[in-house]
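S.K.: My structure is below; once you've seen it, I'll send some questions.
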Amino acid sequence: MSDKVLIYTDGSSRGNPGPGGYGALLMWRSKTKELAQGYRRTTNNRMELMAVIAALKALTKTGLDIVVHSDSSYVVNTVEKRWLQTWLRNNFKGKKNADLWKEYHQLSLAHNIKFVWVKGHADNPYNNRCDELATAAADSRRWLVDEGFENEASSPTLL
C-alpha cells in the first residue's frame with residue numbers, strides 16, 4: 001500500500017460571488033477523512049483553494065508525499081506551472097486571492113505536493129463526493145465569514 005496521502009478537493013459557489021463551500025477527501029493507507037465548510041459570501045476559485053488549504057491543515061505530520069486531485073484548472077495550473085512562484089516574487093500584483101495563496105504556500109513548504117487535474121462532474125467517485133460535500137456546505141446556511149474575500153470586496157479600488 002502506498003504511503004502517499006491522496007487528497008481530492010472541490011469548491012462550490014452559488015453565484016460568483018455568493019454563498020459557497022468546499023469539500024475535501026483525504027486518504028492515507030486505510031484511513032479516510034472528509035472535510036466540508038460553507039461561507040456566506042465568496043467565489044468558486046476561493047473555495048477550490050480553501051479546500052486544498054483545509055486538507056493540508058488537517059494533516060498531523062510533516063514531510064509527506066501528497067497528491068492533490070482537483071477539477072480546478074486555476075489551482076492546478078497555479079502550482080504545477082509555477083505561476084505561484086512568480087506571483088510571490090511580484091507580491092501578487094494584480095492577482096486575486098493573495099491571502100489564500102500565501103497560506104497555501106506556507107503549508108506547502110512542509111510537504112512534497114503534486115497536483116493532478118481531474119475532470120469535474122464526471123466518473124471519478126472521489127471528485128463527485130467532494131462536489132456533494134461542497135454543494136451541501138454552500139447550501140447549508142451554517143456559514144462562516146470568508147474574511148479575506150469580504151475585506152477585499154469592501155476595499156476601494158485604487159486607480
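Letters A, B, ... go to the chains of the C-alpha cells in the order shown; residues in each chain start at 1; ligands are counted from 1 in the same order.
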Excluding A:Ala98 and residues on its chain fewer than 4 positions from it, collect all residues at most 9 Å away from it, counting only C-alpha atoms, and give them as a list in words.

M.R.: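 With the cut-off at 9 Å, the set is Trp87, Leu88, Asn91, Phe92, Lys102, Glu103 and Gly148 of chain A.
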
S.K.: Within 10 Å of A:Asn128, counting only C-alpha atoms, which residues qualify if same-chain residues fewer than 4 places away don't, as a ChimeraX atom specification?

M.R.: /A:8-10,23,119-124,132-134

S.K.: Using DSSP assignments from the backbone, pull out every residue in stretch 75-155 of chain A that falls under strand (DSSP E) and give it to me as a PyMOL selection string.

M.R.: chain A and resi 112-117+143-144

S.K.: Determine the nearest neighbour of A:Asn77 from the options A:Asp3, A:Val116, A:Thr60, A:Arg41, counting only C-alpha atoms.

M.R.: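 Checking each candidate against A:Asn77, we get A:Val116 as the closest.
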
S.K.: Closest to A:Val76 among A:Leu100, A:Ala58, A:Ala51, A:Phe115, using only C-alpha atoms?

M.R.: A:Phe115

S.K.: Interatomic distance between atom CA of A:Gln106 and atom CA of A:Lys57?

M.R.: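 Taking atom CA of A:Gln106 and atom CA of A:Lys57, their separation equals 10.7 Å.
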
S.K.: Give me, as number ranges by chain, the residues of chain A that a backbone DSSP run labels alpha helix (DSSP H).

M.R.: A: 44-58, 73-80, 83-89, 98-108, 125-139, 147-154

S.K.: Report as a compact mmCIF listing (two decimals) with C-alpha atoms, in the first residue's frame all protein, DNA and RNA residues lying within 7 Å of stretch 144-147 of chain A, evaluated on only C-alpha atoms, omitting residues in the same chain fewer than 4 positions from it.

M.R.:
# COMPACT_ATOMS: atom_id res chain seq x y z
CA GLY A 38 -19.68 26.75 3.93
CA TYR A 39 -19.16 30.51 3.67
CA ARG A 40 -21.79 33.22 3.35
CA ARG A 41 -20.11 35.18 0.52
CA THR A 42 -17.18 34.01 -1.53
CA ASN A 151 -12.31 42.50 3.26

S.K.: Please measure the separation of atom CA of A:Trp83 and atom CA of A:Asn127, giving the value in Å to one decimal.

M.R.: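 Going from atom CA of A:Trp83 over to atom CA of A:Asn127 covers 24.2 Å.
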
S.K.: Given the choices A:Arg46, A:His69, A:Lys61, A:Arg82, which gets closest to A:Leu25 if the distance is worked out from only C-alpha atoms?

M.R.: A:His69

S.K.: Please, what distance in Å, to one decimal, runs between atom CA of A:Thr43 and atom CA of A:Ser72?

M.R.: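 These atoms are spaced 12.7 Å apart.
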
S.K.: Could you name the residues that touch A:Val79 at 9 Å or less, counting only C-alpha atoms, but leaving out those on the same chain fewer than 5 positions away, as a PDB file with C-alpha atoms, in the first residue's frame?

M.R.:
ATOM      1  CA  TYR A  74      -6.898  27.626 -11.655  1.00  0.00           C
ATOM      2  CA  LEU A  84       2.645  30.931  -7.787  1.00  0.00           C
ATOM      3  CA  GLN A  85       6.416  31.444  -7.651  1.00  0.00           C
ATOM      4  CA  LYS A 114       1.919  17.207  -6.646  1.00  0.00           C
ATOM      5  CA  PHE A 115      -1.334  18.377  -8.217  1.00  0.00           C
TER       6      PHE A 115
END

S.K.: A:Asn45, A:Ile53, A:Gly94, A:Ile113: which is nearest A:Asp71, counting only C-alpha atoms?

M.R.: A:Asn45
